[in-house]
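Some notes on the structure that comes next.
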Amino acid sequence: MPLSAVREAAVAAITAALEEAFGHTGEEVSLEVPPRRDLGDLAWPGALPLARTLRKAPRQIAEAVVEAARWPEEVERVEIAGPGFLNLYLHRGPFLVRLLSGPSGPLEASGSRVVVEHTNINPNKAAHIGHLRNAVLGDTLVRCLTHLGHHVEVQNYIDDTGVQVADVVVGVLHLPETELAAALGVEPGRRDELIGTFVSRLPREGVPTASTTDFDDLCWDLYPRVTARYEEDPGFAAHRAEVLHAVEAGHGELDLEEAVFTLERAIVSGEPFARRAVARLAAAVADANLRCHLATMARLSVAYDVLPHESDILQLGFWQRAFELLREAGAIRLEESGKNAGCWVMSLADSPEFAEMDDPDKILVRSNGTVTYTGKDIAYQLWKLGLLTDEDGTLHDFGYTPYAHWDREGPAAPVTYGASGQLLARTSSDPSRHIPGHSFGGAGRVYNVIDVRQSYPQKVVREAVRVLGHPEAADASVHFAYEMVALTPAAVRLIEERTGESFGLDEEAMSKSYVEMSGRRGIGVKADEFLDVLTAQAEAAVRERSGEGMDGAETASRARAIAVGALRYLMAKQSRNRVLAFDFDEALAFEGDTGPYLQYSAVRAAKIFARLAERLGEGMVEGDEAAHLRETEVPDDLWELVLACARRREVTAQAVASLEFSLLAQHAHGLAQLFHKLYHVHPVLREEDATLRRLRRAVFTLFVREMHVVLEELLGIPVPEEM
RNA sequence: GCGCCCGUAGCUCAGCUGGAUAGAGCGUCAGACUCCGGAUCUGAAGGCCGCGCGUUCGAAUCGCGCCGGGCGCACCA
């Protein structure tokens, strides 16, 4: 019995009353929750704006509505307040009973598929805290959509053929041996030996346990050395072009061992590197980093359904097909002259959003015949929407192979990869490969979780879908844009102190309110590193509270829950279009408006029931016992919490509609805050009046249940047994 | 130059489709349980909601114009 149901019924009653009393139809009636409970549980301010149309005083209108309306049974009474507000008061006892006996889980899934694409980390180095914002927002969206009854498919796009992966390979093959050895953390040696070391660090299969000494951490050190080299030595860039060409050509099904052997032999003999071997190494680097990223995200209980690979998009000619569709639709043209001569461009002049631009043409195919990133993205988006069709009308699709299986013990438990569980598929360049019982893409709605700096290309992609004659699909293509995560100067100084290295930022940069992270320059806070710091801090706090002799595994589990709670709440509570200036002190806080504060409220409430069971043999209020509460008086402060608990569904819907999870975070915080206040004035165990005790138990039962749903299911924040 | 975002308490931020007295947290100061865990609670101080004009019964919220800050506008990915 969520509040939204009562709301709808009351809206219908008012709409009907307006027609009956004034013959007024077509009014958008909307109810709000008043700022104070003495002003009612729901309110309608609509009599005020109607005064002009109906040429009557607002209070008069309100009175007539009250007179004519047939209110739903949940409404106890209606009052007119102030200039003409209509305040509705609910039957508290019966409402509480219905809330307790109703279901609280997700709605049954129906309707078309919704694709959410998130994470999308370049597979060339470890994830940093900026990637965490993407993953947390994306995963929270997935959770909310699922809760609201959508079929959700989670995609994590892997750019395995880009410059960034190539740069790591350039580092291995061409960086001076001393540099390479330093990045590897070994004594300088011959390159063929160093390559052996590098390859031995690759996680080959499965998903490793995340740490800060993984392969992706090695790349984190290696990559900035390569980009620095490009700046020092302009000739070095030639290596990048070579590697990119090799990657584009592909490696067939070359065995990695064989490829490594070929590369090592080439070093010894001084011959050029064989292209296929280079391509194979690049593929191995991308895959290894991907596995490390999956491990990092698993800690936060984030998982995926399918991993579309850019290499497969290229191999399977997605762009060629998209190009044909665009050309047939007349959406693109070959530029004969001017600065874009020889390029295929899409004109955006007809769409209002782009009309004001200096150059409303977007190049999709370069004059050298290669496709731009945006071009590939258009093809990918069409596939996601099920609109990339071949001439015979069949879908132009990937092949698929199982990549891994994953499981998690609860909605906010860590993800574990293993032999069984939910399927994680990856795309394959062999379109004849299928996984029985599984299909991907073809969604009715697509959310691309990508930071705000990608807004322009995302708009182009959307426009391409539109000009292909799919306006509905274009409208159903949503760019979930969010601002970047940056570092406060204080955070930068702390990192420099800890690593003993300077990022070489000048005074001007350090005087700004934040410093942008940069993988290319190695400026950033690695996700696993930060999670480790958070966990260590949480563990210290747990030990302090639980005393000696605590089981180590139990301590670790609690610490993990607190660390994840702190992190996910931090990411969810800030409005998405505001730069998140990361500060260690703030991020490591466990008091106040933080994840642990929310967790603590749920733990504390659960503790009441544990003690109740021990001492009085009483449990949560459910079923028949709940029915007794029908006639019970519910005081204002307890009622406040009950009403707040009833709002979950509409808050979730609002959060999804606005893509603003700060609403959900704030809702959760409000619940916890109400509970903590009540905790001090509404003791349960000590209360001797059985009726009153039952009421308090009932409200707290509702609260505990609600917190588990909001925190674990929606926000992915675990609720530990104790903390 | 054009477009988007941000500007709310000393600091970090909420404030959803315009609604009733603008809210949290941190920090500061003063307090609370012989207790169901103080990762808590109570109270105080602290606001021309960047500025101006407009729309409206009503504006932090909508429109226009300024000011300040950030980000986009590649044959980069």
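The way I read the labels, and the way they are meant: chains A, B, ... in the order of the structure tokens, residue 1 as the first residue of every chain, and ligand 1 as the first ligand shown, with later ones counted on from there.
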
Excluding same-chain residues fewer than 4 positions from segment 421-437 of chain A, what lies within 7 Å of it counting only C-alpha atoms (C1' of nucleotides), as a PDB file with N, CA and C atoms, in the first residue's frame?
ATOM      1  N   TYR A 304      27.500  -7.154 -14.477  1.00  0.00           N
ATOM      2  CA  TYR A 304      27.025  -6.832 -15.830  1.00  0.00           C
ATOM      3  C   TYR A 304      26.431  -8.059 -16.496  1.00  0.00           C
ATOM      4  N   ASP A 305      25.686  -7.812 -17.576  1.00  0.00           N
ATOM      5  CA  ASP A 305      25.135  -8.919 -18.361  1.00  0.00           C
ATOM      6  C   ASP A 305      25.967  -9.216 -19.598  1.00  0.00           C
ATOM      7  N   VAL A 306      26.468  -8.165 -20.226  1.00  0.00           N
ATOM      8  CA  VAL A 306      27.188  -8.400 -21.487  1.00  0.00           C
ATOM      9  C   VAL A 306      28.288  -7.353 -21.679  1.00  0.00           C
ATOM     10  N   LEU A 307      29.366  -7.793 -22.313  1.00  0.00           N
ATOM     11  CA  LEU A 307      30.518  -6.934 -22.561  1.00  0.00           C
ATOM     12  C   LEU A 307      30.695  -6.757 -24.068  1.00  0.00           C
ATOM     13  N   PRO A 308      30.082  -5.739 -24.655  1.00  0.00           N
ATOM     14  CA  PRO A 308      30.280  -5.509 -26.083  1.00  0.00           C
ATOM     15  C   PRO A 308      31.700  -5.000 -26.321  1.00  0.00           C
ATOM     16  N   HIS A 309      32.395  -5.627 -27.258  1.00  0.00           N
ATOM     17  CA  HIS A 309      33.775  -5.238 -27.554  1.00  0.00           C
ATOM     18  C   HIS A 309      33.839  -4.435 -28.845  1.00  0.00           C
ATOM     19  N   ASP A 312      34.831  -6.300 -31.957  1.00  0.00           N
ATOM     20  CA  ASP A 312      33.776  -7.072 -32.629  1.00  0.00           C
ATOM     21  C   ASP A 312      32.885  -6.162 -33.473  1.00  0.00           C
ATOM     22  N   GLN A 315      35.030  -5.815 -36.574  1.00  0.00           N
ATOM     23  CA  GLN A 315      35.112  -7.068 -37.329  1.00  0.00           C
ATOM     24  C   GLN A 315      33.798  -7.417 -38.034  1.00  0.00           C
ATOM     25  N   LEU A 316      32.709  -7.146 -37.352  1.00  0.00           N
ATOM     26  CA  LEU A 316      31.409  -7.578 -37.880  1.00  0.00           C
ATOM     27  C   LEU A 316      30.762  -6.530 -38.778  1.00  0.00           C
ATOM     28  N   ASP A 397      23.728  -8.584 -35.948  1.00  0.00           N
ATOM     29  CA  ASP A 397      23.990  -8.850 -34.532  1.00  0.00           C
ATOM     30  C   ASP A 397      25.418  -9.355 -34.316  1.00  0.00           C
ATOM     31  N   PHE A 398      25.825  -9.318 -33.054  1.00  0.00           N
ATOM     32  CA  PHE A 398      27.094  -9.917 -32.647  1.00  0.00           C
ATOM     33  C   PHE A 398      26.936 -11.426 -32.545  1.00  0.00           C
ATOM     34  N   GLY A 399      28.065 -12.127 -32.418  1.00  0.00           N
ATOM     35  CA  GLY A 399      28.055 -13.464 -31.851  1.00  0.00           C
ATOM     36  C   GLY A 399      28.283 -13.296 -30.357  1.00  0.00           C
ATOM     37  N   TYR A 400      27.969 -14.339 -29.584  1.00  0.00           N
ATOM     38  CA  TYR A 400      28.135 -14.231 -28.128  1.00  0.00           C
ATOM     39  C   TYR A 400      28.748 -15.496 -27.564  1.00  0.00           C
ATOM     40  N   THR A 401      29.632 -15.306 -26.598  1.00  0.00           N
ATOM     41  CA  THR A 401      30.153 -16.456 -25.863  1.00  0.00           C
ATOM     42  C   THR A 401      30.088 -16.145 -24.371  1.00  0.00           C
ATOM     43  N   PRO A 402      29.958 -17.176 -23.543  1.00  0.00           N
ATOM     44  CA  PRO A 402      29.988 -16.934 -22.102  1.00  0.00           C
ATOM     45  C   PRO A 402      31.374 -16.416 -21.712  1.00  0.00           C
ATOM     46  N   TYR A 403      31.407 -15.409 -20.875  1.00  0.00           N
ATOM     47  CA  TYR A 403      32.696 -14.855 -20.435  1.00  0.00           C
ATOM     48  C   TYR A 403      32.984 -15.288 -18.998  1.00  0.00           C
ATOM     49  N   ALA A 404      31.950 -15.245 -18.179  1.00  0.00           N
ATOM     50  CA  ALA A 404      32.092 -15.635 -16.774  1.00  0.00           C
ATOM     51  C   ALA A 404      30.705 -15.877 -16.195  1.00  0.00           C
ATOM     52  N   HIS A 405      30.679 -16.379 -14.989  1.00  0.00           N
ATOM     53  CA  HIS A 405      29.430 -16.497 -14.238  1.00  0.00           C
ATOM     54  C   HIS A 405      29.634 -15.827 -12.895  1.00  0.00           C
ATOM     55  N   TRP A 406      28.565 -15.201 -12.398  1.00  0.00           N
ATOM     56  CA  TRP A 406      28.731 -14.496 -11.130  1.00  0.00           C
ATOM     57  C   TRP A 406      27.539 -14.708 -10.230  1.00  0.00           C
ATOM     58  N   ASP A 407      27.767 -14.428  -8.982  1.00  0.00           N
ATOM     59  CA  ASP A 407      26.751 -14.634  -7.967  1.00  0.00           C
ATOM     60  C   ASP A 407      26.952 -13.594  -6.873  1.00  0.00           C
TER      61      ASP A 407
END

Item to check | 8 Å contacts from chain A to chain B using only C-alpha atoms (C1' of nucleotides), as a PyMOL selection string | outcome: chain A and resi 34-35+45+48-49+82+162-163+340+343+356-358+363+365-368+373+452-456+574+577-578+590-593+596-597+600+604+607-608+611+654+658+662-663+666+676-677+680+683-685

Checklist entry - Residues at most 7 Å from Lys362 of chain A, counting only C-alpha atoms (C1' of nucleotides), excluding those fewer than 2 positions away in the same chain, as a ChimeraX atom specification? => result /A:345-347,360,364

Item to check | Near-segment 205-209 of chain A list (8 Å; only C-alpha atoms (C1' of nucleotides); drop same-chain fewer than 4 positions) as a VMD selection string | outcome: chain A and resid 291 to 292 294 to 295 404 417 to 418

Within 9 Å of segment 253-255 of chain A, counting only C-alpha atoms (C1' of nucleotides), which residues show up once you throw out same-chain ones fewer than 6 positions away? Write them as a short mmCIF file (atom, residue, chain, number, x, y, z; two decimals) with N, CA, C and O atoms, in the first residue's frame, please.
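To be explicit, this is the file written out as out-v2.cif:
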data_model
loop_
_atom_site.label_atom_id
_atom_site.label_comp_id
_atom_site.auth_asym_id
_atom_site.auth_seq_id
_atom_site.Cartn_x
_atom_site.Cartn_y
_atom_site.Cartn_z
N ARG A 276 50.58 -9.42 -36.23
CA ARG A 276 49.58 -10.25 -35.53
C ARG A 276 49.98 -10.46 -34.08
O ARG A 276 49.14 -10.51 -33.18
N ALA A 277 51.27 -10.60 -33.86
CA ALA A 277 51.73 -10.79 -32.48
C ALA A 277 51.48 -9.55 -31.64
O ALA A 277 51.07 -9.63 -30.47
N ARG A 280 47.89 -9.37 -30.85
CA ARG A 280 47.51 -10.35 -29.83
C ARG A 280 47.87 -9.84 -28.44
O ARG A 280 47.12 -10.03 -27.48
#

Which neighbours of segment 507-516 of chain A fall inside 7 Å, counting only C-alpha atoms (C1' of nucleotides), when residues of the same chain fewer than 3 positions from it are skipped, and could you give them as a PDB file with C-alpha atoms, in the first residue's frame?
ATOM      1  CA  ALA A 486      38.182  15.874  -9.426  1.00  0.00           C
ATOM      2  CA  LEU A 487      40.627  16.174  -6.564  1.00  0.00           C
ATOM      3  CA  THR A 488      40.850  18.949  -4.030  1.00  0.00           C
ATOM      4  CA  PRO A 489      44.342  20.459  -3.866  1.00  0.00           C
ATOM      5  CA  ALA A 581      35.727  17.545  -5.617  1.00  0.00           C
TER       6      ALA A 581
END
